[in-house]
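run-v9.tsv follows; it contains TSV, C-alpha atoms and all ligand atoms.
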```tsv
chain	number	residue	atom	x	y	z
A	1	MET	CA	5.56	22.66	4.57
A	2	LYS	CA	5.43	19.54	6.71
A	3	LYS	CA	6.50	16.28	5.13
A	4	ILE	CA	3.77	13.74	5.66
A	5	ILE	CA	3.65	10.15	4.52
A	6	LEU	CA	0.42	8.27	4.05
A	7	THR	CA	-0.15	4.84	2.64
A	8	GLY	CA	-2.27	1.79	3.21
A	9	ASP	CA	-3.48	-1.63	2.17
A	10	ARG	CA	-6.78	-3.36	1.71
A	11	PRO	CA	-7.08	-5.98	4.45
A	12	THR	CA	-8.14	-8.86	2.22
A	13	GLY	CA	-5.38	-11.29	3.16
A	14	LYS	CA	-2.15	-11.70	5.01
A	15	LEU	CA	0.72	-9.72	3.54
A	16	HIS	CA	3.32	-11.51	1.44
A	17	ILE	CA	6.90	-10.81	0.46
A	18	GLY	CA	5.66	-8.96	-2.63
A	19	HIS	CA	4.07	-6.44	-0.27
A	20	TYR	CA	7.27	-6.43	1.74
A	21	VAL	CA	9.65	-5.49	-1.09
A	22	GLY	CA	7.02	-3.43	-2.88
A	23	SER	CA	6.10	-1.23	0.05
A	24	LEU	CA	6.48	-2.47	3.60
A	25	ARG	CA	10.28	-2.49	3.72
A	26	ARG	CA	10.38	1.04	2.35
A	27	ARG	CA	7.82	2.28	4.85
A	28	VAL	CA	9.90	1.02	7.72
A	29	GLU	CA	12.99	2.73	6.29
A	30	LEU	CA	11.06	5.97	5.81
A	31	GLN	CA	9.70	5.70	9.33
A	32	ASN	CA	13.18	5.26	10.74
A	33	SER	CA	14.81	7.90	8.51
A	34	GLY	CA	13.57	10.73	10.70
A	35	LEU	CA	12.98	12.78	7.53
A	36	TYR	CA	9.20	12.92	7.90
A	37	ASP	CA	7.08	14.91	10.31
A	38	LYS	CA	4.24	12.39	10.33
A	39	ILE	CA	3.60	8.91	9.04
A	40	PHE	CA	0.14	7.43	8.59
A	41	VAL	CA	-0.33	3.80	7.62
A	42	PHE	CA	-3.87	2.54	7.44
A	43	GLU	CA	-6.01	-0.44	6.61
A	44	ALA	CA	-8.46	0.41	3.84
A	45	ASP	CA	-11.24	-1.85	5.10
A	46	ALA	CA	-14.01	0.26	3.58
A	47	GLN	CA	-12.23	0.23	0.22
A	48	ALA	CA	-11.81	-3.54	0.54
A	49	LEU	CA	-15.59	-3.85	0.83
A	50	THR	CA	-16.04	-2.18	-2.55
A	51	ASP	CA	-15.11	-5.43	-4.26
A	52	ASN	CA	-15.60	-7.97	-1.49
A	53	ILE	CA	-19.21	-7.39	-0.66
A	54	GLU	CA	-19.91	-11.12	-0.98
A	55	ASN	CA	-17.48	-11.70	1.87
A	56	PRO	CA	-17.32	-8.89	4.44
A	57	GLU	CA	-16.18	-11.37	7.08
A	58	LYS	CA	-12.94	-11.89	5.15
A	59	VAL	CA	-12.14	-8.20	5.51
A	60	ARG	CA	-13.02	-8.23	9.20
A	61	GLN	CA	-10.77	-11.22	9.88
A	62	ASN	CA	-7.85	-9.74	8.00
A	63	VAL	CA	-7.77	-6.43	9.84
A	64	ILE	CA	-5.83	-8.07	12.67
A	65	GLU	CA	-3.66	-10.14	10.29
A	66	VAL	CA	-2.50	-7.04	8.44
A	67	ALA	CA	-1.96	-5.16	11.71
A	68	LEU	CA	0.27	-8.03	12.87
A	69	ASP	CA	2.14	-7.98	9.56
A	70	TYR	CA	2.68	-4.21	9.89
A	71	LEU	CA	4.05	-4.52	13.41
A	72	ALA	CA	6.08	-7.59	12.52
A	73	ALA	CA	7.66	-5.84	9.54
A	74	GLY	CA	8.85	-3.09	11.86
A	75	LEU	CA	6.24	-0.38	11.77
A	76	ASP	CA	6.47	1.16	15.20
A	77	PRO	CA	3.28	2.60	16.70
A	78	THR	CA	5.32	5.18	18.61
A	79	LYS	CA	6.61	6.55	15.29
A	80	SER	CA	3.80	5.79	12.83
A	81	THR	CA	0.06	6.22	13.22
A	82	LEU	CA	-1.58	2.90	12.37
A	83	PHE	CA	-5.32	3.18	11.85
A	84	ILE	CA	-8.43	1.75	10.18
A	85	GLN	CA	-10.21	3.65	7.40
A	86	SER	CA	-13.78	2.86	8.47
A	87	GLN	CA	-13.22	4.53	11.83
A	88	ILE	CA	-12.72	7.95	10.25
A	89	PRO	CA	-16.21	9.12	9.18
A	90	GLU	CA	-14.77	12.44	7.92
A	91	LEU	CA	-13.45	10.47	4.92
A	92	CYS	CA	-17.05	9.99	3.72
A	93	GLU	CA	-17.71	13.67	4.11
A	94	LEU	CA	-14.72	14.70	2.03
A	95	SER	CA	-15.44	12.04	-0.61
A	96	PHE	CA	-18.96	13.45	-0.94
A	97	TYR	CA	-17.60	16.85	-1.94
A	98	PHE	CA	-14.94	15.33	-4.17
A	99	MET	CA	-17.66	13.51	-6.13
A	100	ASP	CA	-18.67	16.86	-7.62
A	101	LEU	CA	-15.17	17.33	-9.01
A	102	VAL	CA	-14.88	14.13	-11.06
A	103	SER	CA	-16.79	13.01	-14.15
A	104	VAL	CA	-17.98	9.49	-14.90
A	105	SER	CA	-15.85	9.42	-18.03
A	106	ARG	CA	-12.75	10.41	-16.07
A	107	LEU	CA	-13.32	7.48	-13.73
A	108	GLN	CA	-13.90	5.18	-16.70
A	109	ARG	CA	-10.53	6.23	-18.08
A	110	ASN	CA	-8.64	5.35	-14.87
A	111	PRO	CA	-6.42	2.45	-16.03
A	112	THR	CA	-6.37	0.74	-12.64
A	113	VAL	CA	-10.16	0.80	-12.39
A	114	LYS	CA	-10.38	-0.47	-15.98
A	115	THR	CA	-8.15	-3.49	-15.32
A	116	GLU	CA	-9.83	-4.23	-12.02
A	117	ILE	CA	-13.28	-4.13	-13.59
A	118	GLN	CA	-12.10	-6.78	-16.06
A	119	MET	CA	-10.35	-8.83	-13.37
A	120	ARG	CA	-13.44	-8.85	-11.17
A	121	GLY	CA	-15.66	-9.76	-14.09
A	122	PHE	CA	-17.91	-6.77	-13.43
A	123	SER	CA	-19.65	-5.67	-16.55
A	124	GLY	CA	-21.42	-2.47	-17.49
A	125	GLU	CA	-24.29	-1.75	-15.19
A	126	SER	CA	-23.30	-4.39	-12.63
A	127	ILE	CA	-20.27	-2.44	-11.38
A	128	PRO	CA	-20.96	-1.42	-7.79
A	129	VAL	CA	-21.02	2.38	-7.50
A	130	GLY	CA	-18.70	2.25	-4.51
A	131	PHE	CA	-16.17	0.27	-6.47
A	132	PHE	CA	-16.38	2.53	-9.49
A	133	THR	CA	-15.84	5.61	-7.35
A	134	TYR	CA	-13.12	4.27	-5.07
A	135	PRO	CA	-10.45	6.49	-6.68
A	136	ILE	CA	-12.44	9.41	-5.29
A	137	SER	CA	-12.51	7.99	-1.79
A	138	GLN	CA	-8.82	7.19	-2.09
A	139	ALA	CA	-8.17	10.85	-2.93
A	140	ALA	CA	-9.98	11.67	0.31
A	141	ASP	CA	-7.76	9.20	2.22
A	142	ILE	CA	-4.68	10.96	0.93
A	143	THR	CA	-5.72	14.59	1.17
A	144	MET	CA	-7.43	14.26	4.54
A	145	PHE	CA	-4.03	13.78	6.12
A	146	LYS	CA	-2.30	16.41	3.94
A	147	ALA	CA	0.02	13.71	2.67
A	148	THR	CA	2.96	15.02	0.65
A	149	THR	CA	4.40	11.59	-0.06
A	150	VAL	CA	2.52	8.39	-0.88
A	151	PRO	CA	4.77	5.33	-1.10
A	152	VAL	CA	2.89	2.78	-3.22
A	153	GLY	CA	3.38	0.40	-6.12
A	154	GLU	CA	3.24	1.45	-9.76
A	155	ASP	CA	-0.33	0.15	-10.06
A	156	GLN	CA	-1.41	3.04	-7.85
A	157	GLU	CA	0.00	5.71	-10.15
A	158	PRO	CA	-3.38	6.43	-11.82
A	159	MET	CA	-4.91	6.87	-8.35
A	160	LEU	CA	-2.32	9.46	-7.43
A	161	GLU	CA	-2.77	11.27	-10.74
A	162	GLN	CA	-6.51	11.37	-10.20
A	163	CYS	CA	-5.96	12.60	-6.65
A	164	ARG	CA	-3.74	15.43	-7.83
A	165	GLU	CA	-6.40	16.46	-10.34
A	166	ILE	CA	-9.00	16.55	-7.61
A	167	VAL	CA	-6.75	18.66	-5.38
A	168	ARG	CA	-6.08	21.14	-8.20
A	169	ARG	CA	-9.78	21.35	-8.99
A	170	PHE	CA	-10.72	21.83	-5.35
A	171	ASN	CA	-8.07	24.48	-4.73
A	172	ASN	CA	-9.08	26.26	-7.94
A	173	ILE	CA	-12.68	26.49	-6.89
A	174	TYR	CA	-12.30	27.06	-3.15
A	175	GLY	CA	-8.79	28.47	-2.73
A	176	GLU	CA	-5.50	26.83	-1.65
A	177	THR	CA	-6.56	24.29	0.96
A	178	LEU	CA	-5.44	20.79	0.04
A	179	VAL	CA	-1.99	19.42	-0.69
A	180	GLU	CA	-0.97	17.74	-3.96
A	181	PRO	CA	0.71	14.46	-3.07
A	182	ASN	CA	3.71	12.88	-4.77
A	183	ILE	CA	3.97	9.19	-5.42
A	184	LEU	CA	7.08	7.44	-4.11
A	185	LEU	CA	7.74	4.33	-6.19
A	186	PRO	CA	10.01	1.48	-5.08
A	187	GLU	CA	13.49	2.22	-6.41
A	188	ASN	CA	14.55	-1.34	-7.26
A	189	ALA	CA	12.98	-2.53	-10.55
A	190	ALA	CA	12.59	-6.07	-9.18
A	191	CYS	CA	10.40	-4.59	-6.45
A	192	LEU	CA	7.90	-2.89	-8.71
A	193	ARG	CA	5.96	-6.08	-8.99
A	194	LEU	CA	7.40	-9.23	-7.52
A	195	PRO	CA	6.23	-12.23	-9.55
A	196	GLY	CA	4.66	-15.26	-7.89
A	197	THR	CA	6.79	-18.32	-7.09
A	198	ASP	CA	5.38	-19.88	-10.28
A	199	GLY	CA	6.81	-17.05	-12.38
A	200	LYS	CA	3.36	-15.60	-13.07
A	201	ALA	CA	3.14	-11.84	-13.25
A	202	LYS	CA	1.92	-11.22	-9.71
A	203	MET	CA	1.75	-12.84	-6.32
A	204	SER	CA	-1.84	-13.48	-5.56
A	205	LYS	CA	-3.62	-15.54	-3.01
A	206	SER	CA	-5.98	-17.02	-5.60
A	207	LEU	CA	-3.03	-18.30	-7.69
A	208	GLY	CA	-1.44	-19.92	-4.61
A	209	ASN	CA	1.96	-18.51	-5.58
A	210	CYS	CA	2.71	-16.36	-2.52
A	211	ILE	CA	5.31	-16.48	0.20
A	212	TYR	CA	3.68	-14.92	3.26
A	213	LEU	CA	5.47	-12.91	5.92
A	214	SER	CA	3.88	-15.26	8.41
A	215	ASP	CA	5.07	-18.46	6.65
A	216	SER	CA	7.30	-20.71	8.76
A	217	ALA	CA	10.93	-21.31	7.74
A	218	ASP	CA	9.94	-24.75	6.44
A	219	GLU	CA	7.09	-23.38	4.36
A	220	VAL	CA	9.38	-20.77	2.81
A	221	ASN	CA	12.03	-23.36	1.92
A	222	LYS	CA	9.42	-25.68	0.43
A	223	LYS	CA	8.08	-22.87	-1.75
A	224	VAL	CA	11.55	-21.86	-2.94
A	225	LYS	CA	12.36	-25.48	-3.85
A	226	THR	CA	9.49	-25.64	-6.33
A	227	MET	CA	10.07	-22.16	-7.70
A	228	TYR	CA	10.00	-21.40	-11.39
A	229	THR	CA	13.45	-20.78	-12.91
A	230	ASP	CA	14.57	-21.18	-16.53
A	231	PRO	CA	12.81	-23.96	-18.45
A	232	LEU	CA	15.73	-24.09	-20.94
A	233	HIS	CA	18.30	-24.66	-18.21
A	234	LEU	CA	18.09	-28.46	-18.11
A	235	GLN	CA	21.70	-29.44	-17.41
A	236	VAL	CA	23.90	-27.59	-14.96
A	237	SER	CA	26.33	-27.00	-17.84
A	238	ASP	CA	23.64	-25.33	-20.00
A	239	PRO	CA	23.77	-21.54	-20.16
A	240	GLY	CA	20.97	-20.14	-17.98
A	241	HIS	CA	18.68	-17.20	-18.60
A	242	LEU	CA	18.02	-14.48	-16.05
A	243	GLU	CA	15.07	-12.89	-17.81
A	244	GLY	CA	11.85	-14.14	-16.24
A	245	ASN	CA	13.85	-16.35	-13.89
A	246	THR	CA	11.97	-15.95	-10.64
A	247	VAL	CA	14.86	-17.02	-8.40
A	248	PHE	CA	17.01	-14.22	-9.77
A	249	THR	CA	14.18	-11.71	-9.66
A	250	TYR	CA	13.80	-12.50	-5.96
A	251	LEU	CA	17.56	-12.31	-5.41
A	252	ASP	CA	17.54	-8.88	-7.07
A	253	ALA	CA	14.79	-7.82	-4.72
A	254	PHE	CA	16.23	-9.26	-1.50
A	255	ALA	CA	19.93	-10.06	-1.66
A	256	THR	CA	22.70	-7.58	-0.93
A	257	ASP	CA	26.22	-8.20	-2.21
A	258	GLU	CA	27.30	-8.47	1.40
A	259	GLN	CA	24.91	-11.40	1.81
A	260	VAL	CA	26.03	-13.03	-1.44
A	261	ALA	CA	29.66	-12.81	-0.32
A	262	ARG	CA	28.91	-14.16	3.14
A	263	LEU	CA	26.41	-16.88	2.20
A	264	THR	CA	28.20	-18.34	-0.85
A	265	THR	CA	31.76	-19.55	-1.18
A	266	ASP	CA	32.29	-18.60	-4.82
A	267	TYR	CA	30.91	-15.12	-5.39
A	268	ALA	CA	31.62	-11.65	-4.08
A	269	THR	CA	28.59	-10.05	-5.72
A	270	LEU	CA	25.24	-11.09	-7.13
A	271	GLN	CA	26.48	-10.02	-10.55
A	272	GLU	CA	29.32	-12.57	-10.40
A	273	MET	CA	26.82	-15.28	-9.65
A	274	LYS	CA	24.57	-14.15	-12.50
A	275	ASP	CA	27.53	-14.19	-14.88
A	276	HIS	CA	28.31	-17.78	-13.91
A	277	TYR	CA	24.67	-18.77	-14.37
A	278	THR	CA	24.47	-17.26	-17.87
A	279	ARG	CA	27.81	-18.81	-18.87
A	280	GLY	CA	26.62	-22.23	-17.77
A	281	GLY	CA	27.89	-24.47	-15.02
A	282	LEU	CA	25.79	-23.14	-12.16
A	283	GLY	CA	22.77	-25.23	-11.12
A	284	ASP	CA	19.39	-23.96	-9.97
A	285	VAL	CA	19.69	-25.77	-6.65
A	286	LYS	CA	22.65	-23.63	-5.60
A	287	CYS	CA	20.82	-20.46	-6.54
A	288	LYS	CA	17.78	-21.59	-4.60
A	289	LYS	CA	19.93	-22.40	-1.56
A	290	LEU	CA	21.22	-18.84	-1.55
A	291	LEU	CA	17.71	-17.46	-1.96
A	292	MET	CA	16.50	-19.57	0.97
A	293	ALA	CA	19.29	-18.27	3.19
A	294	VAL	CA	18.66	-14.67	2.16
A	295	LEU	CA	14.89	-14.96	2.67
A	296	GLN	CA	15.36	-16.54	6.09
A	297	GLU	CA	17.63	-13.69	7.19
A	298	THR	CA	14.95	-11.20	6.21
A	299	LEU	CA	11.96	-13.13	7.47
A	300	GLU	CA	13.21	-14.55	10.76
A	301	PRO	CA	13.14	-11.27	12.72
A	302	ILE	CA	9.71	-10.53	11.22
A	303	ARG	CA	8.41	-13.94	12.35
A	304	GLN	CA	9.78	-13.39	15.85
A	305	ARG	CA	8.15	-9.98	16.22
A	306	ARG	CA	4.87	-11.37	14.92
A	307	ALA	CA	4.96	-14.18	17.48
A	308	GLU	CA	5.48	-11.61	20.27
A	309	TYR	CA	2.51	-9.49	19.19
A	310	GLU	CA	0.32	-12.58	18.70
A	311	LYS	CA	0.66	-13.26	22.41
A	312	ASP	CA	-1.39	-10.15	23.22
A	313	ILE	CA	-4.05	-9.55	20.55
A	314	PRO	CA	-6.12	-7.11	22.68
A	315	ALA	CA	-3.01	-4.92	22.87
A	316	VAL	CA	-2.81	-4.91	19.07
A	317	TYR	CA	-6.43	-3.74	18.81
A	318	GLU	CA	-5.57	-1.09	21.38
A	319	ILE	CA	-2.68	0.13	19.19
A	320	LEU	CA	-5.14	0.47	16.31
A	321	ARG	CA	-7.72	2.22	18.49
A	322	LYS	CA	-5.17	4.78	19.63
A	323	GLY	CA	-4.02	5.25	16.04
A	324	CYS	CA	-7.62	5.88	14.97
A	325	GLU	CA	-7.93	8.55	17.65
A	326	VAL	CA	-4.83	10.38	16.41
A	327	ALA	CA	-5.93	10.05	12.77
A	328	ARG	CA	-9.41	11.28	13.60
A	329	ALA	CA	-8.06	14.42	15.27
A	330	ALA	CA	-6.03	15.18	12.13
A	331	ALA	CA	-9.09	14.51	9.94
A	332	CYS	CA	-11.28	16.84	12.01
A	333	GLU	CA	-8.73	19.60	11.60
A	334	THR	CA	-8.63	19.19	7.82
A	335	MET	CA	-12.43	19.04	7.58
A	336	ASP	CA	-12.70	22.31	9.50
A	337	GLN	CA	-10.41	23.91	6.93
A	338	VAL	CA	-12.35	22.34	4.07
A	339	ARG	CA	-15.69	23.57	5.40
A	340	ARG	CA	-14.24	27.04	5.87
A	341	ALA	CA	-12.82	27.04	2.35
A	342	MET	CA	-16.14	25.86	0.93
A	343	LYS	CA	-17.95	28.42	3.07
A	344	ILE	CA	-20.31	25.85	4.42
A	345	ASN	CA	-19.31	26.66	7.98
A	346	TYR	CA	-22.51	28.72	8.21
A	347	PHE	CA	-22.76	28.94	11.97
A	348	ASP	CA	-19.17	30.08	12.49
A	349	ASP	CA	-19.40	32.65	9.74
A	350	ARG	CA	-20.25	35.92	11.48
A	351	ALA	CA	-19.87	37.91	8.27
A	352	LEU	CA	-22.39	35.72	6.50
A	353	ILE	CA	-24.96	36.04	9.24
A	354	GLU	CA	-24.53	39.82	9.39
A	355	GLU	CA	-24.62	40.18	5.62
A	356	GLN	CA	-27.82	38.16	5.36
A	357	SER	CA	-29.42	40.02	8.19
A	358	ARG	CA	-28.61	43.39	6.55
A	359	ARG	CA	-30.08	42.11	3.30
A	360	PHE	CA	-33.36	41.24	4.94
A	361	GLN	CA	-33.58	44.33	7.20
A	362	LYS	CA	-33.30	47.01	4.50
B	1	LIG	N1	-5.71	1.12	-3.19
B	1	LIG	C1	-4.64	0.74	-2.29
B	1	LIG	C2	-4.34	-0.73	-2.56
B	1	LIG	O1	-5.17	-1.44	-3.08
B	1	LIG	C3	-5.01	0.91	-0.84
B	1	LIG	C4	-5.27	2.35	-0.49
B	1	LIG	C5	-6.45	2.90	-0.16
B	1	LIG	C6	-4.29	3.38	-0.45
B	1	LIG	N2	-6.32	4.21	0.09
B	1	LIG	C7	-5.01	4.56	-0.07
B	1	LIG	C8	-2.92	3.45	-0.69
B	1	LIG	C9	-4.36	5.77	0.05
B	1	LIG	C10	-2.28	4.68	-0.56
B	1	LIG	C11	-3.00	5.84	-0.20
B	1	LIG	O2	-3.28	-1.18	-2.21
```

Write-out of the structure in structure tokens:
Amino acid sequence: MKKIILTGDRPTGKLHIGHYVGSLRRRVELQNSGLYDKIFVFEADAQALTDNIENPEKVRQNVIEVALDYLAAGLDPTKSTLFIQSQIPELCELSFYFMDLVSVSRLQRNPTVKTEIQMRGFSGESIPVGFFTYPISQAADITMFKATTVPVGEDQEPMLEQCREIVRRFNNIYGETLVEPNILLPENAACLRLPGTDGKAKMSKSLGNCIYLSDSADEVNKKVKTMYTDPLHLQVSDPGHLEGNTVFTYLDAFATDEQVARLTTDYATLQEMKDHYTRGGLGDVKCKKLLMAVLQETLEPIRQRRAEYEKDIPAVYEILRKGCEVARAAACETMDQVRRAMKINYFDDRALIEEQSRRFQK
């Protein structure tokens, strides 16, 4: 069986370093590993509309921002197919059939949908149907491309579970057709969900606690300077705490021991630095200096690539258009198989036509 990766993001804002450690960095590694037969990365603009209907223009504007972030982070259009969800009408078709395989109560039990309903302040009857059913359309996104591997954050686990259920149900009813995908979670615990610079649970645009991939070096340094650390660590000599200390969470997510050894004078590994911090005698400023240096090393090449692509925006749209063409061809192939499995390919089904004609001639 072919090994196929598929993943995507809602284009509702520029991507930040939480996206980078949570998914983007991994995607680039997977792309360059040569272990996969195909890689699809897409912008879920239609899914973004399910909870941004008051601001469709935001989604439209961010399609190019996210494309630039993808390319800047190192996704290579000659290796990965980059496309836009709304340009693949077959996804609606497959979702339509999937809707018969999922109950309302099953959707209501999806933990991600539950939390999001609360977060959005939707209540009861006011939940848009498209929003409520987006796990179904997401299952179509995944299965349409026969994805075997879906690299996403832990918050997407319920979506993958629901997708696998749909695949099993479909294959049970219509015969082995679709592929059950596996989730691929980030391996570093600090990457599961990078907190905001204020120490709050999650980076989010509305909280203003993000470091964006497109931030300038100055902006990044400014944000690190005001970052949340350990409120009990008042004097340098006080013992510091690592738990909930955002600077160390970020160092866990970004810094290699090689970098720690090269960019500090006193430590060979991050662990040595942590030990000093917990013992007392290491100030926050020094830790932040290291974090700044580490972040700049990661972000500088990304900024440079972004600047290059920004010079020719029509070419970026052209990359997406070509990606959509490739994705659409794959989608058409899967839909042919789905229609055949469902036996709704009436006009290609010689046996059906002959059988029906015998039935009526006798
Ligand atoms: N729900 C995902 C998110 O919010 C985006 C997404 C849509 C996705 N369809 C997908 C991710 C299919 C992986 C596979 O980030």

* Counting all atoms listed in the file, what is within 7 Å of A:Cys324, bar same-chain residues fewer than 5 positions away, as a PyMOL selection string? -> chain A and resi 83-84+87

Hey, could you pull the box centre and edge lengths for stretch 293-305 of chain A, axis-aligned, 5 Å padding per side, all listed atoms, to one decimal in Å, as AutoDock Vina command-line options?
```
--center_x 13.7 --center_y -14.1 --center_z 9.2 --size_x 21.1 --size_y 18.3 --size_z 24.1
```

* **Shell of 10 Å around stretch 154-164 of chain A, only C-alpha atoms, local chain residues under 2 positions omitted, as JSON, numbers by chain** => {"A": [22, 98, 102, 106, 107, 109, 110, 111, 112, 113, 134, 135, 136, 137, 138, 139, 140, 141, 142, 143, 150, 151, 152, 166, 167, 168, 169, 170, 178, 179, 180, 181, 182, 183, 184, 185, 186, 191, 192, 193]}

* So what do you get for atom CA of A:Ile88 versus atom CA of A:Gly153, distance-wise? -> 24.2 Å

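When all atoms listed in the file are used to measure the gap to ligand LIG 1 (chain B), the shortest distance among A:Thr78, A:Asn171, A:Ser86, A:Thr298 belongs to A:Ser86.
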
* To do: Kindly give the distance, in Å, that separates atom CA of A:Ser237 and atom CA of A:Val285, rounded to a single decimal.
  => 13.1 Å

* Residue among A:Ala67, A:Gly18, A:Asp76, A:Lys311 lying closest to A:Ser204, counting all atoms listed in the file ->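 Nearest to A:Ser204: A:Gly18.
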
* Structure fact -> atom CA of A:Arg27 sits from atom CA of A:Val294 at a separation of 20.3 Å

* Option closest in space to ligand LIG 1 (chain B), from A:Tyr228, A:Tyr36, A:Phe131, A:Tyr97 [counting all atoms listed in the file] ->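 Among the listed residues, A:Phe131 lies closest to ligand LIG 1 (chain B).
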
* **Nearest to ligand LIG 1 (chain B) by atom-to-atom distance, counting all atoms listed in the file, from A:Ile5, A:Ala293, A:Ala44, A:Leu263** =>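 Distance minimum relative to ligand LIG 1 (chain B) lands on A:Ala44.
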
* **Residues near A:Lys205, cut-off 12 Å, only C-alpha atoms, skip fewer than 6 positions along chain, as a ChimeraX atom specification** => /A:12-16,18,196-197,211-212

* Out of A:Gln47, A:Lys2, A:Pro128, A:Phe40, which residue has the shortest atom-to-atom distance to ligand LIG 1 (chain B) when counting only C-alpha atoms and all ligand atoms? ->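 With only C-alpha atoms and all ligand atoms as the atom set, the closest residue is A:Gln47.
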
* Excluding same-chain residues fewer than 5 positions from A:Pro11, what lies within 10 Å of it counting all atoms listed in the file, as a PyMOL selection string? -> chain A and resi 42-49+58-67+84

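Proximity to A:Leu71 was assessed for A:Ala217, A:Leu242, A:Ala147, A:Val41 counting all atoms listed in the file; the smallest distance is recorded for A:Val41.
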
* **Sel. within 9 Å of pt (-20.6, 34.7, 4.8), counting all atoms listed in the file, output as a list in words** =>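 Here the neighbourhood of the point contains Lys343, Ile344, Asn345, Tyr346, Asp349, Arg350, Ala351, Leu352, Ile353, Glu354, Glu355 and Gln356 of chain A.
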
Excluding same-chain residues fewer than 5 positions from A:Gly34, what lies within 12 Å of it counting all atoms listed in the file, as a short mmCIF file (atom, residue, chain, number, x, y, z; two decimals) with C-alpha atoms, in the frame of the given file?
```cif
data_model
loop_
_atom_site.label_atom_id
_atom_site.label_comp_id
_atom_site.auth_asym_id
_atom_site.auth_seq_id
_atom_site.Cartn_x
_atom_site.Cartn_y
_atom_site.Cartn_z
CA LYS A 3 6.50 16.28 5.13
CA ILE A 4 3.77 13.74 5.66
CA ILE A 5 3.65 10.15 4.52
CA ARG A 27 7.82 2.28 4.85
CA VAL A 28 9.90 1.02 7.72
CA GLU A 29 12.99 2.73 6.29
CA ILE A 39 3.60 8.91 9.04
CA LYS A 79 6.61 6.55 15.29
CA SER A 80 3.80 5.79 12.83
#
```

* Using all atoms listed in the file, can you list as a PyMOL selection string the residues within 12 Å of (8.7, -22.7, 0.7)? -> chain A and resi 197-198+208-227+288-289+291-293+295-296
